[in-house]
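File shown here: query13.cif, holding mmCIF, C-alpha atoms.
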data_protein
#
loop_
_atom_site.group_PDB
_atom_site.id
_atom_site.type_symbol
_atom_site.label_atom_id
_atom_site.label_comp_id
_atom_site.auth_asym_id
_atom_site.auth_seq_id
_atom_site.Cartn_x
_atom_site.Cartn_y
_atom_site.Cartn_z
ATOM 1 C CA MET A 1 0.000 0.000 0.000
ATOM 2 C CA PRO A 2 1.433 3.421 -0.918
ATOM 3 C CA ILE A 3 2.822 5.435 1.990
ATOM 4 C CA ARG A 4 3.275 9.138 1.355
ATOM 5 C CA MET A 5 3.695 12.436 3.154
ATOM 6 C CA PHE A 6 0.611 14.018 4.678
ATOM 7 C CA ARG A 7 -1.293 16.572 2.592
ATOM 8 C CA ALA A 8 -3.493 19.378 3.890
ATOM 9 C CA GLU A 9 -6.627 17.712 2.522
ATOM 10 C CA ASP A 10 -5.914 14.618 4.676
ATOM 11 C CA ALA A 11 -6.566 16.463 7.958
ATOM 12 C CA GLY A 12 -10.172 15.420 8.407
ATOM 13 C CA ALA A 13 -9.536 11.749 7.645
ATOM 14 C CA VAL A 14 -6.457 11.662 9.903
ATOM 15 C CA ALA A 15 -8.434 13.147 12.803
ATOM 16 C CA GLN A 16 -11.274 10.682 12.236
ATOM 17 C CA LEU A 17 -8.877 7.716 12.277
ATOM 18 C CA SER A 18 -7.178 9.024 15.406
ATOM 19 C CA ALA A 19 -10.490 9.545 17.200
ATOM 20 C CA ALA A 20 -11.578 5.985 16.443
ATOM 21 C CA CYS A 21 -8.350 4.733 18.004
ATOM 22 C CA ALA A 22 -8.593 7.035 21.048
ATOM 23 C CA ARG A 23 -12.037 5.662 21.916
ATOM 24 C CA SER A 24 -10.782 2.071 22.013
ATOM 25 C CA GLU A 25 -8.947 0.822 25.114
ATOM 26 C CA ALA A 26 -7.229 -1.964 23.178
ATOM 27 C CA ASP A 27 -6.013 0.349 20.404
ATOM 28 C CA PHE A 28 -5.131 3.335 22.594
ATOM 29 C CA VAL A 29 -1.961 5.311 21.870
ATOM 30 C CA LEU A 30 -1.098 8.619 23.522
ATOM 31 C CA ASN A 31 0.078 10.188 20.270
ATOM 32 C CA PRO A 32 -2.147 10.731 18.387
ATOM 33 C CA LEU A 33 -4.965 11.707 20.715
ATOM 34 C CA TRP A 34 -6.815 14.020 18.348
ATOM 35 C CA GLU A 35 -10.588 13.818 18.456
ATOM 36 C CA SER A 36 -11.270 16.482 15.832
ATOM 37 C CA GLU A 37 -9.629 18.227 12.914
ATOM 38 C CA ALA A 38 -9.333 21.385 15.032
ATOM 39 C CA GLU A 39 -7.385 19.469 17.680
ATOM 40 C CA PHE A 40 -5.129 17.990 15.026
ATOM 41 C CA ARG A 41 -4.272 21.407 13.603
ATOM 42 C CA ALA A 42 -3.841 22.963 17.057
ATOM 43 C CA GLU A 43 -1.352 20.238 18.039
ATOM 44 C CA PHE A 44 0.999 21.022 15.171
ATOM 45 C CA GLU A 45 0.556 24.769 15.615
ATOM 46 C CA ARG A 46 1.469 24.367 19.279
ATOM 47 C CA HIS A 47 4.695 22.588 18.320
ATOM 48 C CA GLY A 48 5.523 25.106 15.611
ATOM 49 C CA ILE A 49 5.908 22.455 12.910
ATOM 50 C CA ALA A 50 4.094 21.468 9.716
ATOM 51 C CA PRO A 51 2.298 18.103 9.511
ATOM 52 C CA GLU A 52 3.270 18.021 5.824
ATOM 53 C CA GLN A 53 6.882 17.521 6.982
ATOM 54 C CA HIS A 54 6.343 15.272 10.013
ATOM 55 C CA LEU A 55 3.483 12.898 9.200
ATOM 56 C CA LEU A 56 3.102 9.916 6.882
ATOM 57 C CA VAL A 57 -0.176 8.406 5.707
ATOM 58 C CA ALA A 58 -1.035 5.118 4.008
ATOM 59 C CA ALA A 59 -3.418 5.717 1.117
ATOM 60 C CA GLY A 60 -5.952 3.261 -0.254
ATOM 61 C CA ILE A 61 -6.833 2.713 -3.913
ATOM 62 C CA SER A 62 -9.284 5.622 -3.877
ATOM 63 C CA GLY A 63 -6.885 7.833 -1.913
ATOM 64 C CA GLU A 64 -8.584 7.276 1.433
ATOM 65 C CA VAL A 65 -6.350 7.447 4.555
ATOM 66 C CA LEU A 66 -6.015 3.959 6.045
ATOM 67 C CA GLY A 67 -3.044 4.515 8.337
ATOM 68 C CA LEU A 68 -0.728 7.140 9.754
ATOM 69 C CA SER A 69 2.524 7.582 11.663
ATOM 70 C CA GLY A 70 5.250 10.176 12.103
ATOM 71 C CA PHE A 71 6.591 12.528 14.758
ATOM 72 C CA LEU A 72 5.662 15.432 16.967
ATOM 73 C CA ARG A 73 8.456 17.689 18.186
ATOM 74 C CA PHE A 74 9.083 21.319 18.913
ATOM 75 C CA ALA A 75 10.701 23.082 15.977
ATOM 76 C CA GLY A 76 14.338 22.068 15.663
ATOM 77 C CA ALA A 77 14.287 19.673 18.633
ATOM 78 C CA ARG A 78 16.394 16.509 18.487
ATOM 79 C CA GLU A 79 13.849 14.607 20.585
ATOM 80 C CA GLY A 80 10.505 13.634 19.134
ATOM 81 C CA GLY A 81 7.263 12.035 20.215
ATOM 82 C CA LEU A 82 6.401 9.158 17.931
ATOM 83 C CA VAL A 83 2.966 9.289 16.373
ATOM 84 C CA CYS A 84 2.479 5.580 16.864
ATOM 85 C CA PRO A 85 1.169 3.723 13.805
ATOM 86 C CA VAL A 86 -2.611 3.823 13.612
ATOM 87 C CA VAL A 87 -4.233 1.511 11.072
ATOM 88 C CA ALA A 88 -7.879 1.224 10.087
ATOM 89 C CA LYS A 89 -9.378 -1.955 11.512
ATOM 90 C CA ALA A 90 -10.126 -3.456 8.098
ATOM 91 C CA GLU A 91 -6.435 -3.178 7.120
ATOM 92 C CA ARG A 92 -4.866 -4.716 10.207
ATOM 93 C CA GLY A 93 -2.934 -7.950 10.211
ATOM 94 C CA HIS A 94 -1.217 -7.326 6.868
ATOM 95 C CA GLY A 95 1.977 -5.615 8.026
ATOM 96 C CA LEU A 96 0.881 -2.047 7.370
ATOM 97 C CA GLY A 97 1.741 -0.931 10.904
ATOM 98 C CA GLY A 98 5.296 -2.163 10.446
ATOM 99 C CA GLU A 99 5.629 -0.376 7.106
ATOM 100 C CA LEU A 100 4.402 2.857 8.651
ATOM 101 C CA LEU A 101 6.761 2.563 11.624
ATOM 102 C CA ARG A 102 9.722 1.804 9.369
ATOM 103 C CA GLY A 103 8.852 4.814 7.247
ATOM 104 C CA ALA A 104 8.418 7.044 10.309
ATOM 105 C CA LEU A 105 11.835 6.125 11.689
ATOM 106 C CA GLU A 106 13.445 6.855 8.338
ATOM 107 C CA LEU A 107 11.615 10.176 8.254
ATOM 108 C CA GLY A 108 12.838 10.919 11.767
ATOM 109 C CA ARG A 109 16.439 10.390 10.708
ATOM 110 C CA LYS A 110 15.976 12.764 7.773
ATOM 111 C CA LEU A 111 14.508 15.347 10.151
ATOM 112 C CA GLY A 112 17.503 15.072 12.464
ATOM 113 C CA ILE A 113 15.572 13.478 15.337
ATOM 114 C CA ALA A 114 18.003 11.558 17.550
ATOM 115 C CA SER A 115 15.660 9.927 20.078
ATOM 116 C CA ALA A 116 11.995 8.963 20.015
ATOM 117 C CA THR A 117 9.441 8.498 22.792
ATOM 118 C CA ALA A 118 6.164 6.617 22.372
ATOM 119 C CA GLY A 119 3.109 6.313 24.616
ATOM 120 C CA LEU A 120 1.066 3.148 24.235
ATOM 121 C CA GLY A 121 -1.885 1.740 26.186
ATOM 122 C CA THR A 122 -0.929 -1.230 28.340
ATOM 123 C CA ARG A 123 -3.660 -3.384 26.763
ATOM 124 C CA ASN A 124 -2.364 -2.768 23.258
ATOM 125 C CA ARG A 125 -0.278 -5.937 23.083
ATOM 126 C CA ALA A 126 0.001 -5.896 19.295
ATOM 127 C CA GLY A 127 1.282 -2.334 19.351
ATOM 128 C CA PHE A 128 3.737 -3.150 22.144
ATOM 129 C CA ALA A 129 5.087 -6.126 20.208
ATOM 130 C CA LEU A 130 5.484 -3.967 17.088
ATOM 131 C CA LEU A 131 7.394 -1.206 18.870
ATOM 132 C CA THR A 132 9.705 -3.555 20.743
ATOM 133 C CA ALA A 133 10.422 -5.462 17.523
ATOM 134 C CA PHE A 134 11.713 -2.164 16.121
ATOM 135 C CA GLY A 135 13.996 -1.521 19.086
ATOM 136 C CA PHE A 136 11.772 0.488 21.426
ATOM 137 C CA ARG A 137 12.224 -0.351 25.114
ATOM 138 C CA PRO A 138 9.747 0.348 27.932
ATOM 139 C CA VAL A 139 11.163 2.822 30.452
ATOM 140 C CA ARG A 140 8.218 3.800 32.676
ATOM 141 C CA GLN A 141 4.465 3.744 33.057
ATOM 142 C CA HIS A 142 1.980 6.593 33.486
ATOM 143 C CA PHE A 143 -1.657 7.150 34.318
ATOM 144 C CA LEU A 144 -3.740 9.278 31.974
ATOM 145 C CA MET A 145 -6.231 10.980 34.289
ATOM 146 C CA ARG A 146 -9.444 12.680 33.172
ATOM 147 C CA CYS A 147 -11.877 15.080 34.842
ATOM 148 C CA THR A 148 -15.287 15.452 33.193
ATOM 149 C CA ARG A 149 -17.181 17.670 35.652
ATOM 150 C CA ARG A 150 -16.659 21.229 36.810
ATOM 151 C CA PRO A 151 -14.698 21.051 40.076
ATOM 152 C CA ALA A 152 -15.800 22.827 43.235
ATOM 153 C CA ALA A 153 -13.098 25.142 44.558
ATOM 154 C CA GLU A 154 -12.614 26.433 48.099
ATOM 155 C CA LEU A 155 -9.281 28.027 48.947
ATOM 156 C CA PRO A 156 -7.654 27.874 52.370
ATOM 157 C CA GLU A 157 -8.246 31.020 54.389
ATOM 158 C CA GLY A 158 -5.932 33.920 53.714
ATOM 159 C CA PHE A 159 -5.225 33.224 50.045
ATOM 160 C CA GLU A 160 -6.432 35.096 46.999
ATOM 161 C CA VAL A 161 -6.638 33.641 43.494
ATOM 162 C CA GLU A 162 -6.299 35.465 40.206
ATOM 163 C CA ARG A 163 -5.009 34.998 36.711
ATOM 164 C CA ALA A 164 -1.247 35.365 36.574
ATOM 165 C CA ARG A 165 0.359 38.471 35.152
ATOM 166 C CA PRO A 166 3.473 38.523 32.927
ATOM 167 C CA GLU A 167 5.437 40.054 35.791
ATOM 168 C CA ASP A 168 4.824 36.805 37.735
ATOM 169 C CA ALA A 169 7.071 34.883 35.328
ATOM 170 C CA ASN A 170 10.172 35.035 37.543
ATOM 171 C CA ALA A 171 8.288 33.883 40.645
ATOM 172 C CA ILE A 172 6.713 31.030 38.673
ATOM 173 C CA HIS A 173 10.131 30.029 37.366
ATOM 174 C CA LYS A 174 11.459 29.989 40.947
ATOM 175 C CA LEU A 175 8.626 27.698 42.036
ATOM 176 C CA HIS A 176 9.493 25.358 39.169
ATOM 177 C CA HIS A 177 12.962 25.047 40.677
ATOM 178 C CA ASP A 178 11.839 24.905 44.323
ATOM 179 C CA CYS A 179 9.256 22.196 43.593
ATOM 180 C CA GLY A 180 11.571 20.064 41.451
ATOM 181 C CA LEU A 181 9.322 20.389 38.405
ATOM 182 C CA ALA A 182 10.588 19.853 34.881
ATOM 183 C CA ALA A 183 13.298 22.338 33.968
ATOM 184 C CA ARG A 184 11.909 25.476 32.397
ATOM 185 C CA SER A 185 13.921 28.617 31.717
ATOM 186 C CA PRO A 186 12.634 32.114 32.558
ATOM 187 C CA ALA A 187 12.383 32.786 28.820
ATOM 188 C CA GLU A 188 10.220 29.680 28.334
ATOM 189 C CA VAL A 189 7.862 30.817 31.082
ATOM 190 C CA GLU A 190 7.651 34.270 29.500
ATOM 191 C CA ARG A 191 6.879 32.755 26.091
ATOM 192 C CA ALA A 192 4.112 30.660 27.646
ATOM 193 C CA PHE A 193 2.428 33.897 28.749
ATOM 194 C CA GLU A 194 2.565 35.218 25.186
ATOM 195 C CA ASP A 195 1.653 32.228 23.015
ATOM 196 C CA GLY A 196 -2.064 32.159 23.785
ATOM 197 C CA ARG A 197 -1.995 28.432 24.548
ATOM 198 C CA HIS A 198 -1.436 28.595 28.297
ATOM 199 C CA ALA A 199 -3.671 29.778 31.131
ATOM 200 C CA PHE A 200 -1.840 30.598 34.365
ATOM 201 C CA SER A 201 -3.614 30.988 37.695
ATOM 202 C CA VAL A 202 -1.843 31.953 40.911
ATOM 203 C CA ALA A 203 -2.608 32.050 44.617
ATOM 204 C CA ARG A 204 -1.206 34.901 46.684
ATOM 205 C CA ARG A 205 -0.948 35.534 50.389
ATOM 206 C CA GLY A 206 0.042 38.970 51.543
ATOM 207 C CA GLY A 207 0.933 39.872 47.981
ATOM 208 C CA GLU A 208 3.445 37.022 47.696
ATOM 209 C CA LEU A 209 2.976 34.333 45.055
ATOM 210 C CA ALA A 210 2.355 31.083 46.927
ATOM 211 C CA ALA A 211 1.286 28.670 44.165
ATOM 212 C CA PHE A 212 0.589 28.482 40.451
ATOM 213 C CA VAL A 213 -1.236 26.283 37.955
ATOM 214 C CA ASP A 214 -0.341 26.187 34.267
ATOM 215 C CA LEU A 215 -3.053 24.816 31.975
ATOM 216 C CA GLU A 216 -2.434 24.118 28.303
ATOM 217 C CA VAL A 217 -5.505 25.254 26.396
ATOM 218 C CA TYR A 218 -4.535 24.597 22.781
ATOM 219 C CA TRP A 219 -7.459 22.117 22.819
ATOM 220 C CA PRO A 220 -10.102 24.446 24.347
ATOM 221 C CA THR A 221 -12.652 21.702 25.024
ATOM 222 C CA ARG A 222 -10.073 19.309 26.565
ATOM 223 C CA VAL A 223 -7.514 21.233 28.590
ATOM 224 C CA TRP A 224 -4.304 19.738 29.956
ATOM 225 C CA VAL A 225 -2.959 20.320 33.452
ATOM 226 C CA SER A 226 0.673 20.998 32.631
ATOM 227 C CA PHE A 227 2.291 22.153 35.912
ATOM 228 C CA VAL A 228 1.192 22.766 39.488
ATOM 229 C CA GLY A 229 3.649 24.316 41.932
ATOM 230 C CA VAL A 230 3.204 25.181 45.611
ATOM 231 C CA SER A 231 5.750 26.918 47.806
ATOM 232 C CA PRO A 232 7.421 24.174 49.915
ATOM 233 C CA ALA A 233 6.611 26.098 53.111
ATOM 234 C CA LEU A 234 2.879 26.005 52.292
ATOM 235 C CA ARG A 235 2.392 22.393 51.283
ATOM 236 C CA ASP A 236 -0.077 19.969 52.861
ATOM 237 C CA GLN A 237 -2.705 22.679 53.287
ATOM 238 C CA GLY A 238 -4.751 21.761 50.213
ATOM 239 C CA LEU A 239 -3.589 24.863 48.351
ATOM 240 C CA GLY A 240 -2.505 23.083 45.151
ATOM 241 C CA THR A 241 -5.737 21.083 45.001
ATOM 242 C CA ALA A 242 -7.898 24.152 45.556
ATOM 243 C CA LEU A 243 -6.022 26.286 43.023
ATOM 244 C CA THR A 244 -6.203 23.549 40.380
ATOM 245 C CA ALA A 245 -9.942 23.173 40.981
ATOM 246 C CA HIS A 246 -10.424 26.932 40.715
ATOM 247 C CA ALA A 247 -8.429 27.178 37.453
ATOM 248 C CA LEU A 248 -10.311 24.259 35.900
ATOM 249 C CA ALA A 249 -13.695 25.608 37.006
ATOM 250 C CA GLU A 250 -12.960 28.727 34.949
ATOM 251 C CA ARG A 251 -12.177 26.605 31.881
ATOM 252 C CA PHE A 252 -15.329 24.508 32.297
ATOM 253 C CA ASP A 253 -17.341 27.716 32.578
ATOM 254 C CA ALA A 254 -15.693 28.849 29.326
ATOM 255 C CA GLY A 255 -16.810 25.699 27.472
ATOM 256 C CA ALA A 256 -14.319 22.944 28.299
ATOM 257 C CA ALA A 257 -15.870 19.472 28.450
ATOM 258 C CA SER A 258 -12.984 17.687 30.168
ATOM 259 C CA ALA A 259 -9.462 18.037 31.518
ATOM 260 C CA LEU A 260 -6.522 15.636 31.194
ATOM 261 C CA LEU A 261 -3.163 15.055 32.823
ATOM 262 C CA ALA A 262 -0.417 12.424 32.828
ATOM 263 C CA LEU A 263 0.892 11.216 36.170
ATOM 264 C CA SER A 264 3.376 8.660 37.447
ATOM 265 C CA PRO A 265 1.609 5.893 39.440
ATOM 266 C CA SER A 266 4.339 6.177 42.084
ATOM 267 C CA ASN A 267 3.369 9.777 42.895
ATOM 268 C CA ARG A 268 0.685 8.822 45.384
ATOM 269 C CA THR A 269 0.495 12.271 46.978
ATOM 270 C CA ALA A 270 -0.259 13.954 43.664
ATOM 271 C CA LEU A 271 -2.673 11.171 42.713
ATOM 272 C CA ARG A 272 -4.756 11.729 45.865
ATOM 273 C CA ALA A 273 -4.698 15.503 45.333
ATOM 274 C CA TYR A 274 -5.949 15.232 41.756
ATOM 275 C CA GLU A 275 -8.624 12.741 42.762
ATOM 276 C CA LYS A 276 -9.923 15.376 45.194
ATOM 277 C CA VAL A 277 -10.204 17.783 42.256
ATOM 278 C CA GLY A 278 -12.311 15.209 40.383
ATOM 279 C CA PHE A 279 -9.799 13.369 38.188
ATOM 280 C CA ARG A 280 -10.249 9.651 37.630
ATOM 281 C CA LEU A 281 -8.042 7.077 35.925
ATOM 282 C CA HIS A 282 -8.812 7.041 32.206
ATOM 283 C CA ARG A 283 -5.972 4.957 30.713
ATOM 284 C CA VAL A 284 -2.712 3.337 31.791
ATOM 285 C CA PHE A 285 0.060 3.659 29.231
ATOM 286 C CA ASP A 286 3.636 2.501 28.781
ATOM 287 C CA VAL A 287 6.338 4.947 27.752
ATOM 288 C CA LEU A 288 8.882 3.440 25.343
ATOM 289 C CA GLU A 289 12.065 4.969 23.925
ATOM 290 C CA ARG A 290 14.711 4.269 21.316
ATOM 291 C CA HIS A 291 17.487 6.073 19.465
ATOM 292 C CA VAL A 292 16.472 6.945 15.926
#

Would it be possible to restate this file's structure as structure tokens?
Amino acid sequence: MPIRMFRAEDAGAVAQLSAACARSEADFVLNPLWESEAEFRAEFERHGIAPEQHLLVAAGISGEVLGLSGFLRFAGAREGGLVCPVVAKAERGHGLGGELLRGALELGRKLGIASATAGLGTRNRAGFALLTAFGFRPVRQHFLMRCTRRPAAELPEGFEVERARPEDANAIHKLHHDCGLAARSPAEVERAFEDGRHAFSVARRGGELAAFVDLEVYWPTRVWVSFVGVSPALRDQGLGTALTAHALAERFDAGAASALLALSPSNRTALRAYEKVGFRLHRVFDVLERHV
């Protein structure tokens, strides 16, 4: 079956194929997780890359899209998230997934991607076998958590909540460091304020920034909880839980239908906190890696 680069007119069919996969526990892959054409386009816009350069599709006799694979990465990055092969049910069992994965890895090398990460549902045994046959190795496991109802928010006494201001960027960056969150430079925090795809909320006490929540809103109807940071001196008071609930309540009021986050199963403290907000386990997925 011919495998070619993605074309703009493929967007609707690619999103439809992805959505069919996302609704199936057995077929679930973290990338792609697009449930509409708008989400598909927003994902590539968020990364600053063109799908025409990073995505392959398998085309049927009439040109219909029967499979896809490729990479997501931020522009110029040497690390990429594999868009795991997704194949229409009627075409499975004929080696198309392997052809797509082989093509994606070759594309990754041409793009200068040095290492690839894949997220795959733990029940997707066929997908796991395919990835490991091509040299991917499991490195960790995560929970995909989902909240589908507007949370109730009640802050501890003495704190005030508001949307963050650009001048809060340095304090937010400091909390990233103090909380041991993923490394993020001051410039990256500042860009997040400007790109229109992040919604920051902060809690203050006595004018001092005590906690922040960073939501990614590039999918307006399904927001992602990206980072939550609480000053170490103020932990265990329910501040992070309350601020997250408050930030999400605003998004639900603005039209969001659900919220998502990825979490390590070993982080029991965070798991309990998010469950209090209203998150429930949606999927369990393996993270696999390999050098390209």

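You can rank A:Ser69, A:Thr148, A:Thr132, A:Ser266 by their closest distance to Ile3 (chain A) using only C-alpha atoms, and at the top of that list sits A:Ser69.
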
Q | Hits of the PyMOL selection byres ((chain A and resi 80) around 9) in this structure, as a count of residues only | A | 16

Q: Can you give me, as a ChimeraX atom specification, the residues this file yields under the PyMOL selection byres ((chain A and resi 7) around 12)?
A: /A:3-6,8-14,50-59,63-65,68

Q: Would you please work out which residue, of A:Arg123, A:Arg165, A:Arg150, A:His246, is nearest to Phe279 (chain A) when using all atoms listed in the file?
A: A:Arg150

Q: Within 9 Å of Arg146 (chain A), counting only C-alpha atoms, which residues show up once you throw out same-chain ones fewer than 5 positions away? Write them as a ChimeraX atom specification, please.
A: /A:258-261,278-283

Q | Neighbour list for region 32-36 of chain A as a list in words, cut-off 8 Å, only C-alpha atoms, skip fewer than 3 positions in-chain | A | Gly12, Ala15, Gln16, Ser18, Ala19, Ala22, Val29, Glu39, Phe40, Val83 and Cys84 of chain A

May I have the residues from that selection written out with C-alpha atoms, as a PDB file, in the coordinates of the input?
ATOM      1  CA  GLY A  12     -10.172  15.420   8.407  1.00  0.00           C
ATOM      2  CA  ALA A  15      -8.434  13.147  12.803  1.00  0.00           C
ATOM      3  CA  GLN A  16     -11.274  10.682  12.236  1.00  0.00           C
ATOM      4  CA  SER A  18      -7.178   9.024  15.406  1.00  0.00           C
ATOM      5  CA  ALA A  19     -10.490   9.545  17.200  1.00  0.00           C
ATOM      6  CA  ALA A  22      -8.593   7.035  21.048  1.00  0.00           C
ATOM      7  CA  VAL A  29      -1.961   5.311  21.870  1.00  0.00           C
ATOM      8  CA  GLU A  39      -7.385  19.469  17.680  1.00  0.00           C
ATOM      9  CA  PHE A  40      -5.129  17.990  15.026  1.00  0.00           C
ATOM     10  CA  VAL A  83       2.966   9.289  16.373  1.00  0.00           C
ATOM     11  CA  CYS A  84       2.479   5.580  16.864  1.00  0.00           C
TER      12      CYS A  84
END

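Residues matched by the PyMOL selection byres ((chain A and resi 265) around 12) in this structure: Arg140, Gln141, His142, Phe143, Leu144, Met145, Ala262, Leu263, Ser264, Ser266, Asn267, Arg268, Thr269, Ala270, Leu271, Arg272, Leu281, Arg283, Val284, Phe285 and Asp286 of chain A.
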
What are the closest atom pairs, with distances in Å to one decimal, for all residues of region 208-264 of chain A lying within 9 Å of region 175-197 of chain A? Consider only C-alpha atoms, order rows by chain and residue number, and present the result as CSV.
residue,atom,partner,partner_atom,distance
A:Ala210,CA,A:Leu175,CA,8.6
A:Ala211,CA,A:Leu175,CA,7.7
A:Phe212,CA,A:Leu175,CA,8.2
A:Leu215,CA,A:Arg197,CA,8.3
A:Glu216,CA,A:Arg197,CA,5.7
A:Val217,CA,A:Arg197,CA,5.1
A:Tyr218,CA,A:Arg197,CA,4.9
A:Trp219,CA,A:Arg197,CA,8.5
A:Phe227,CA,A:Leu181,CA,7.7
A:Val228,CA,A:Leu181,CA,8.5
A:Gly229,CA,A:Leu175,CA,6.0
A:Val230,CA,A:Leu175,CA,7.0
A:Ser231,CA,A:Leu175,CA,6.5
A:Pro232,CA,A:Cys179,CA,6.9

**Q.** For CA of Cys21 (chain A) and CA of Arg125 (chain A), the interatomic separation in Å (one decimal)
**A.** 14.3 Å

Q) With distances taken over all atoms listed in the file, which of A:His291, A:Gly240, A:Asp253, A:Pro166 is nearest to Ala273 (chain A)? A) A:Gly240

Q: Quick one: everything within 12 Å of Glu91 (chain A), counting all atoms listed in the file, minus sequence neighbours fewer than 3 positions away in the same chain. Send it as a list in words.
A: Met1, Ala58, Ala59, Gly60, Val65, Leu66, Gly67, Val86, Val87, Ala88, His94, Gly95, Leu96 and Gly97 of chain A

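Using all atoms listed in the file, the smallest distance between any of A:Ala126, A:Ala256, A:Phe136, A:Glu45 and Pro151 (chain A) comes from A:Ala256.
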
Complete the atom set of region 77-93 of chain A to N, CA and C atoms and return it as a short mmCIF file (atom, residue, chain, number, x, y, z; two decimals), in the frame of the given file.
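Once everything was written out, this is part-v2.cif:
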data_model
loop_
_atom_site.label_atom_id
_atom_site.label_comp_id
_atom_site.auth_asym_id
_atom_site.auth_seq_id
_atom_site.Cartn_x
_atom_site.Cartn_y
_atom_site.Cartn_z
N ALA A 77 13.89 20.56 17.54
CA ALA A 77 14.29 19.67 18.63
C ALA A 77 14.84 18.36 18.11
N ARG A 78 15.79 17.81 18.84
CA ARG A 78 16.39 16.51 18.49
C ARG A 78 15.63 15.35 19.11
N GLU A 79 14.69 15.65 19.99
CA GLU A 79 13.85 14.61 20.58
C GLU A 79 12.45 14.74 20.00
N GLY A 80 11.84 13.60 19.73
CA GLY A 80 10.50 13.63 19.13
C GLY A 80 9.57 12.63 19.77
N GLY A 81 8.28 12.97 19.78
CA GLY A 81 7.26 12.04 20.22
C GLY A 81 6.74 11.27 19.01
N LEU A 82 6.87 9.97 19.05
CA LEU A 82 6.40 9.16 17.93
C LEU A 82 4.88 9.21 17.84
N VAL A 83 4.38 9.51 16.67
CA VAL A 83 2.97 9.29 16.37
C VAL A 83 2.86 7.81 16.03
N CYS A 84 2.49 7.03 17.04
CA CYS A 84 2.48 5.58 16.86
C CYS A 84 1.60 5.18 15.68
N PRO A 85 1.98 4.13 14.95
CA PRO A 85 1.17 3.72 13.80
C PRO A 85 -0.28 3.44 14.19
N VAL A 86 -1.18 4.06 13.46
CA VAL A 86 -2.61 3.82 13.61
C VAL A 86 -3.11 3.31 12.27
N VAL A 87 -3.78 2.16 12.30
CA VAL A 87 -4.23 1.51 11.07
C VAL A 87 -5.72 1.23 11.18
N ALA A 88 -6.45 1.53 10.12
CA ALA A 88 -7.88 1.22 10.09
C ALA A 88 -8.11 -0.26 10.35
N LYS A 89 -9.16 -0.58 11.08
CA LYS A 89 -9.38 -1.96 11.51
C LYS A 89 -9.41 -2.94 10.34
N ALA A 90 -9.99 -2.55 9.24
CA ALA A 90 -10.13 -3.46 8.10
C ALA A 90 -8.78 -3.78 7.46
N GLU A 91 -7.74 -2.98 7.75
CA GLU A 91 -6.44 -3.18 7.12
C GLU A 91 -5.42 -3.80 8.06
N ARG A 92 -5.82 -4.17 9.25
CA ARG A 92 -4.87 -4.72 10.21
C ARG A 92 -4.52 -6.17 9.90
N GLY A 93 -3.36 -6.58 10.39
CA GLY A 93 -2.93 -7.95 10.21
C GLY A 93 -2.22 -8.21 8.91
#
